[in-house]
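Undergrad: Handing over work_12.cif, mmCIF, C-alpha atoms.
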data_start
#
loop_
_atom_site.group_PDB
_atom_site.id
_atom_site.type_symbol
_atom_site.label_atom_id
_atom_site.label_comp_id
_atom_site.auth_asym_id
_atom_site.auth_seq_id
_atom_site.Cartn_x
_atom_site.Cartn_y
_atom_site.Cartn_z
ATOM 1 C CA MET O 117 134.767 106.108 119.286
ATOM 2 C CA ARG O 118 134.104 102.390 119.687
ATOM 3 C CA LYS O 119 131.089 103.169 121.883
ATOM 4 C CA LEU O 120 129.689 105.511 119.196
ATOM 5 C CA VAL O 121 130.106 102.874 116.489
ATOM 6 C CA CYS O 122 128.394 100.240 118.662
ATOM 7 C CA THR O 123 125.521 102.629 119.370
ATOM 8 C CA LEU O 124 125.092 103.412 115.663
ATOM 9 C CA VAL O 125 125.182 99.722 114.744
ATOM 10 C CA PHE O 126 122.513 99.071 117.382
ATOM 11 C CA LEU O 127 120.264 101.920 116.201
ATOM 12 C CA LEU O 128 120.650 101.303 112.458
ATOM 13 C CA PRO O 129 118.030 98.528 112.273
ATOM 14 C CA PHE O 130 115.478 100.827 113.928
ATOM 15 C CA THR O 131 115.693 103.635 111.385
ATOM 16 C CA GLY O 132 112.644 103.533 109.158
ATOM 17 C CA LEU O 133 111.083 100.959 111.474
ATOM 18 C CA ASN O 134 107.632 102.282 110.658
ATOM 19 C CA ALA O 135 108.188 102.522 106.911
ATOM 20 C CA LEU O 136 105.262 100.896 105.158
ATOM 21 C CA GLU O 137 105.670 98.427 102.304
ATOM 22 C CA LEU O 138 103.038 97.372 99.809
ATOM 23 C CA ASP O 139 101.565 93.924 100.418
ATOM 24 C CA LYS O 140 101.765 92.758 96.806
ATOM 25 C CA ALA O 141 99.544 89.714 97.298
ATOM 26 C CA SER O 142 96.704 91.849 98.694
ATOM 27 C CA SER O 143 96.982 94.758 96.252
ATOM 28 C CA LYS O 144 95.689 95.346 92.748
ATOM 29 C CA MET O 145 95.206 98.079 90.160
ATOM 30 C CA ASN O 146 92.505 98.015 87.483
ATOM 31 C CA PHE O 147 91.506 100.126 84.515
ATOM 32 C CA VAL O 148 88.691 99.969 81.989
ATOM 33 C CA THR O 149 89.018 100.442 78.252
ATOM 34 C CA VAL O 150 86.132 101.180 75.902
ATOM 35 C CA LYS O 151 86.253 100.180 72.256
ATOM 36 C CA ASN O 152 83.790 101.041 69.490
ATOM 37 C CA ASP O 153 81.964 103.370 71.901
ATOM 38 C CA SER O 154 80.080 100.530 73.585
ATOM 39 C CA VAL O 155 82.313 97.618 74.640
ATOM 40 C CA ALA O 156 83.980 98.077 78.042
ATOM 41 C CA GLU O 157 86.702 95.691 79.191
ATOM 42 C CA LEU O 158 88.274 95.420 82.636
ATOM 43 C CA MET O 159 92.062 95.152 82.628
ATOM 44 C CA SER O 160 94.677 95.155 85.360
ATOM 45 C CA PHE O 161 98.336 95.257 86.242
ATOM 46 C CA THR O 162 99.367 92.105 88.070
ATOM 47 C CA SER O 163 102.664 93.454 89.414
ATOM 48 C CA ILE O 164 102.675 96.599 91.530
ATOM 49 C CA ASP O 165 104.997 97.641 94.326
ATOM 50 C CA GLY O 166 105.155 100.565 96.683
ATOM 51 C CA THR O 167 106.322 102.236 99.852
ATOM 52 C CA ILE O 168 105.284 104.993 102.210
ATOM 53 C CA ASP O 169 108.098 106.907 103.906
ATOM 54 C CA ASP O 170 107.129 107.177 107.570
ATOM 55 C CA GLU O 171 108.925 110.498 108.050
ATOM 56 C CA SER O 172 108.073 112.496 104.937
ATOM 57 C CA GLY O 173 104.728 110.855 104.175
ATOM 58 C CA MET O 174 105.750 110.376 100.542
ATOM 59 C CA ALA O 175 103.967 107.417 99.011
ATOM 60 C CA GLU O 176 105.196 105.762 95.847
ATOM 61 C CA LEU O 177 103.322 103.192 93.814
ATOM 62 C CA LYS O 178 105.287 101.475 91.026
ATOM 63 C CA ILE O 179 103.380 99.730 88.257
ATOM 64 C CA ASP O 180 105.217 97.146 86.156
ATOM 65 C CA LEU O 181 103.820 97.946 82.707
ATOM 66 C CA SER O 182 104.800 94.539 81.347
ATOM 67 C CA SER O 183 102.324 92.998 83.812
ATOM 68 C CA VAL O 184 99.312 94.362 81.930
ATOM 69 C CA ALA O 185 96.564 91.735 81.926
ATOM 70 C CA SER O 186 93.680 92.155 79.506
ATOM 71 C CA GLY O 187 92.496 88.562 79.383
ATOM 72 C CA VAL O 188 93.859 88.069 75.844
ATOM 73 C CA ASP O 189 97.533 87.109 75.421
ATOM 74 C CA ILE O 190 98.080 88.705 72.006
ATOM 75 C CA ARG O 191 96.444 91.930 73.206
ATOM 76 C CA ASN O 192 98.754 91.945 76.244
ATOM 77 C CA GLU O 193 101.749 91.583 73.917
ATOM 78 C CA ASN O 194 100.497 94.361 71.630
ATOM 79 C CA MET O 195 99.840 96.686 74.577
ATOM 80 C CA ARG O 196 103.352 96.059 75.912
ATOM 81 C CA LYS O 197 104.944 96.653 72.503
ATOM 82 C CA TYR O 198 102.885 99.430 70.917
ATOM 83 C CA LEU O 199 101.151 101.237 73.772
ATOM 84 C CA PHE O 200 103.444 101.136 76.790
ATOM 85 C CA GLN O 201 106.644 100.431 74.815
ATOM 86 C CA VAL O 202 108.051 98.432 77.731
ATOM 87 C CA ASP O 203 111.450 98.037 76.079
ATOM 88 C CA GLU O 204 111.952 101.743 76.822
ATOM 89 C CA PHE O 205 109.405 102.517 79.581
ATOM 90 C CA THR O 206 109.257 99.669 82.091
ATOM 91 C CA THR O 207 107.278 101.262 84.904
ATOM 92 C CA ALA O 208 104.732 103.899 85.720
ATOM 93 C CA ILE O 209 105.201 105.632 89.070
ATOM 94 C CA TYR O 210 102.539 107.439 91.083
ATOM 95 C CA THR O 211 103.729 109.619 93.965
ATOM 96 C CA ALA O 212 101.693 111.541 96.515
ATOM 97 C CA LYS O 213 102.319 113.092 99.923
ATOM 98 C CA LEU O 214 100.195 111.627 102.706
ATOM 99 C CA ASP O 215 99.140 113.151 106.009
ATOM 100 C CA MET O 216 101.095 110.795 108.277
ATOM 101 C CA ALA O 217 99.736 112.442 111.430
ATOM 102 C CA ALA O 218 96.194 111.587 110.335
ATOM 103 C CA LEU O 219 97.188 108.015 109.457
ATOM 104 C CA THR O 220 99.051 107.300 112.674
ATOM 105 C CA ALA O 221 96.209 108.795 114.739
ATOM 106 C CA MET O 222 93.752 106.254 113.316
ATOM 107 C CA ALA O 223 92.605 103.517 115.684
ATOM 108 C CA GLU O 224 92.055 99.924 114.603
ATOM 109 C CA GLY O 225 88.963 99.769 112.391
ATOM 110 C CA ASP O 226 88.856 103.520 111.733
ATOM 111 C CA GLN O 227 88.157 104.726 108.206
ATOM 112 C CA GLN O 228 89.134 108.027 106.719
ATOM 113 C CA GLN O 229 88.483 109.519 103.308
ATOM 114 C CA MET O 230 91.500 111.260 101.768
ATOM 115 C CA LEU O 231 92.271 113.013 98.519
ATOM 116 C CA LEU O 232 95.599 111.960 97.041
ATOM 117 C CA ASP O 233 96.839 114.806 94.883
ATOM 118 C CA GLY O 234 99.883 113.307 93.228
ATOM 119 C CA ASN O 235 101.836 112.864 90.028
ATOM 120 C CA LEU O 236 101.846 110.004 87.582
ATOM 121 C CA ASP O 237 105.055 109.443 85.630
ATOM 122 C CA LEU O 238 104.215 107.337 82.594
ATOM 123 C CA HIS O 239 105.816 106.911 79.180
ATOM 124 C CA GLY O 240 108.348 109.690 79.825
ATOM 125 C CA LYS O 241 105.685 112.245 80.785
ATOM 126 C CA SER O 242 104.320 113.465 84.114
ATOM 127 C CA ALA O 243 100.835 114.699 84.973
ATOM 128 C CA SER O 244 98.839 115.471 88.088
ATOM 129 C CA ILE O 245 96.321 112.769 89.006
ATOM 130 C CA LYS O 246 93.936 112.870 91.964
ATOM 131 C CA PHE O 247 92.596 109.770 93.679
ATOM 132 C CA ASP O 248 89.735 109.931 96.172
ATOM 133 C CA VAL O 249 90.467 107.063 98.573
ATOM 134 C CA ILE O 250 89.047 105.482 101.700
ATOM 135 C CA VAL O 251 91.729 104.300 104.123
ATOM 136 C CA THR O 252 91.006 101.702 106.809
ATOM 137 C CA LYS O 253 93.412 100.848 109.612
ATOM 138 C CA ARG O 254 93.274 97.085 110.056
ATOM 139 C CA ALA O 255 93.708 94.994 113.208
ATOM 140 C CA ASP O 256 97.267 94.028 112.237
ATOM 141 C CA GLY O 257 98.289 97.708 111.983
ATOM 142 C CA SER O 258 98.295 97.735 108.193
ATOM 143 C CA TYR O 259 96.392 100.258 106.095
ATOM 144 C CA HIS O 260 93.958 99.288 103.343
ATOM 145 C CA ALA O 261 93.263 102.018 100.784
ATOM 146 C CA ILE O 262 90.624 101.698 98.085
ATOM 147 C CA THR O 263 89.490 104.219 95.540
ATOM 148 C CA ALA O 264 86.141 105.782 96.415
ATOM 149 C CA ALA O 265 85.807 106.794 92.771
ATOM 150 C CA PRO O 266 87.990 106.166 89.733
ATOM 151 C CA ALA O 267 90.594 108.642 88.589
ATOM 152 C CA PHE O 268 90.642 109.348 84.872
ATOM 153 C CA VAL O 269 93.892 109.037 82.949
ATOM 154 C CA ASN O 270 94.042 110.747 79.555
ATOM 155 C CA ALA O 271 96.318 109.065 77.004
ATOM 156 C CA ASN O 272 97.135 112.444 75.451
ATOM 157 C CA SER O 273 98.812 113.547 78.694
ATOM 158 C CA PHE O 274 101.355 110.744 78.312
ATOM 159 C CA ASP O 275 101.905 110.558 74.535
ATOM 160 C CA LEU O 276 99.988 107.279 74.366
ATOM 161 C CA ALA O 277 97.459 108.257 71.674
ATOM 162 C CA LYS O 278 99.710 107.036 68.847
ATOM 163 C CA GLY O 279 100.038 103.634 70.544
ATOM 164 C CA ILE O 280 96.282 103.432 71.001
ATOM 165 C CA GLY O 281 95.883 104.250 67.312
ATOM 166 C CA LYS O 282 98.236 101.391 66.447
ATOM 167 C CA LEU O 283 96.240 98.974 68.632
ATOM 168 C CA ARG O 284 93.010 100.163 66.999
ATOM 169 C CA SER O 285 94.375 99.602 63.498
ATOM 170 C CA LEU O 286 95.779 96.143 64.338
ATOM 171 C CA VAL O 287 92.335 94.817 65.228
ATOM 172 C CA ARG O 288 90.362 97.081 62.880
ATOM 173 C CA LEU O 289 88.329 98.887 65.529
ATOM 174 C CA ALA O 290 86.424 102.093 64.855
ATOM 175 C CA SER O 291 87.614 103.580 68.153
ATOM 176 C CA ILE O 292 89.347 103.041 71.478
ATOM 177 C CA ASP O 293 88.672 105.734 74.077
ATOM 178 C CA LEU O 294 91.668 107.862 75.021
ATOM 179 C CA VAL O 295 90.520 108.336 78.629
ATOM 180 C CA VAL O 296 90.447 105.386 81.028
ATOM 181 C CA PRO O 297 89.121 105.161 84.587
ATOM 182 C CA VAL O 298 91.649 103.711 87.044
ATOM 183 C CA THR O 299 90.922 102.119 90.428
ATOM 184 C CA PHE O 300 93.021 100.351 93.023
ATOM 185 C CA SER O 301 92.876 98.439 96.268
ATOM 186 C CA VAL O 302 96.205 98.448 98.114
ATOM 187 C CA VAL O 303 97.452 97.310 101.504
ATOM 188 C CA PHE O 304 100.519 98.812 103.169
ATOM 189 C CA LYS O 305 102.159 97.113 106.169
#
Produce structure tokens that represent the structure in this file.
TA:
Amino acid sequence: MRKLVCTLVFLLPFTGLNALELDKASSKMNFVTVKNDSVAELMSFTSIDGTIDDESGMAELKIDLSSVASGVDIRNENMRKYLFQVDEFTTAIYTAKLDMAALTAMAEGDQQQMLLDGNLDLHGKSASIKFDVIVTKRADGSYHAITAAPAFVNANSFDLAKGIGKLRSLVRLASIDLVVPVTFSVVFK
């Protein structure tokens, strides 16, 4: 029995050894809003986290909704309060299953285009979102994934239209588009 316990204690640190964690400092997520049909503004989330399970291939990207950064402090506050309602909904979570065999077969410097067909959980709702990404295996063994094209997120799919209406009325805009393109550049180590 003692030998079994010692063996398990020895092996425990090696379970999930190849699990990949998001490099927060090297990763970002952006989206673009359009107001009054002609003014586009780039916005981002400054706090994202994520993991890729090395056995199942399940990837999870967590977006801290309170980290929304629009370039205008009062707008950030209004988006947190009226759009994302961060007191109740703190994070958005995107999950997708990856082809781990394809990833682990990549050599240093290899690139591969992949379609991530996953789910976005946002504001108490869930919807399918597809991201077309290009994955590069870097010299340090990490993976860099960037969107080859934006994915489009529809506010109606997540009950966000009312919040967008509130933002529009606060600043007396004629319109704010309900569909936003989303891009990201993430590194997993």
Undergrad: Could you pull the residues within 9 Å of His239 (chain O), counting all atoms listed in the file, minus those fewer than 2 positions along the same chain, as a short mmCIF file (atom, residue, chain, number, x, y, z; two decimals) with C-alpha atoms, in the coordinates of the input?
TA:
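Full text of part-v2.cif as output:
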data_model
loop_
_atom_site.label_atom_id
_atom_site.label_comp_id
_atom_site.auth_asym_id
_atom_site.auth_seq_id
_atom_site.Cartn_x
_atom_site.Cartn_y
_atom_site.Cartn_z
CA PHE O 200 103.44 101.14 76.79
CA GLN O 201 106.64 100.43 74.82
CA VAL O 202 108.05 98.43 77.73
CA GLU O 204 111.95 101.74 76.82
CA PHE O 205 109.40 102.52 79.58
CA THR O 206 109.26 99.67 82.09
CA THR O 207 107.28 101.26 84.90
CA ALA O 208 104.73 103.90 85.72
CA ASP O 237 105.06 109.44 85.63
CA LYS O 241 105.68 112.24 80.78
CA SER O 242 104.32 113.46 84.11
CA PHE O 274 101.36 110.74 78.31
CA ASP O 275 101.90 110.56 74.54
CA LEU O 276 99.99 107.28 74.37
#
Undergrad: Report, in Å with one decimal, the straight-line distance from CA of Ser182 (chain O) to CA of Arg196 (chain O).
TA: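 A separation of 5.8 Å between them.
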Undergrad: Please write as a list of chain:residue names the full residue list that the PyMOL selection byres ((chain O and resi 293) around 7) yields on this file.
TA: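 Applying the expression gives O:Thr149, O:Val150, O:Lys151, O:Ser291, O:Ile292, O:Leu294, O:Val295.
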Undergrad: Which residue gives the smallest distance to Phe300 (chain O) among O:Met174, O:Ile250, O:Leu283, O:Val184, with all atoms listed in the file counted?
TA: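 Ranking O:Met174, O:Ile250, O:Leu283, O:Val184 by distance to Phe300 (chain O), first place goes to O:Ile250.
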Undergrad: Of the candidates O:Ala243, O:Leu219, O:Leu177, O:Ile209, which shows the shortest atom-to-atom distance to Leu138 (chain O), using all atoms listed in the file?
TA: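 Of O:Ala243, O:Leu219, O:Leu177, O:Ile209, the one nearest Leu138 (chain O), counting all atoms listed in the file, is O:Leu177.
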Undergrad: With all atoms listed in the file as the basis for distance, which of O:Lys246, O:Arg191, O:Lys144, O:Lys178 is at the shortest distance from Thr162 (chain O)?
TA: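 That would be O:Lys144, the residue with the smallest distance to Thr162 (chain O).
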Undergrad: Quick check, in Å to one decimal: how far apart do CA of Met145 (chain O) and CA of Ala185 (chain O) lie?
TA: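 These two atoms are separated by 10.5 Å.
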Undergrad: Using the chain letters and numbering of this document, enumerate as an MDAnalysis selection string the residues selected by the PyMOL selection byres ((chain O and resi 222) around 12).
TA: chainID O and resid 215:221 223:229 251:255 257:259
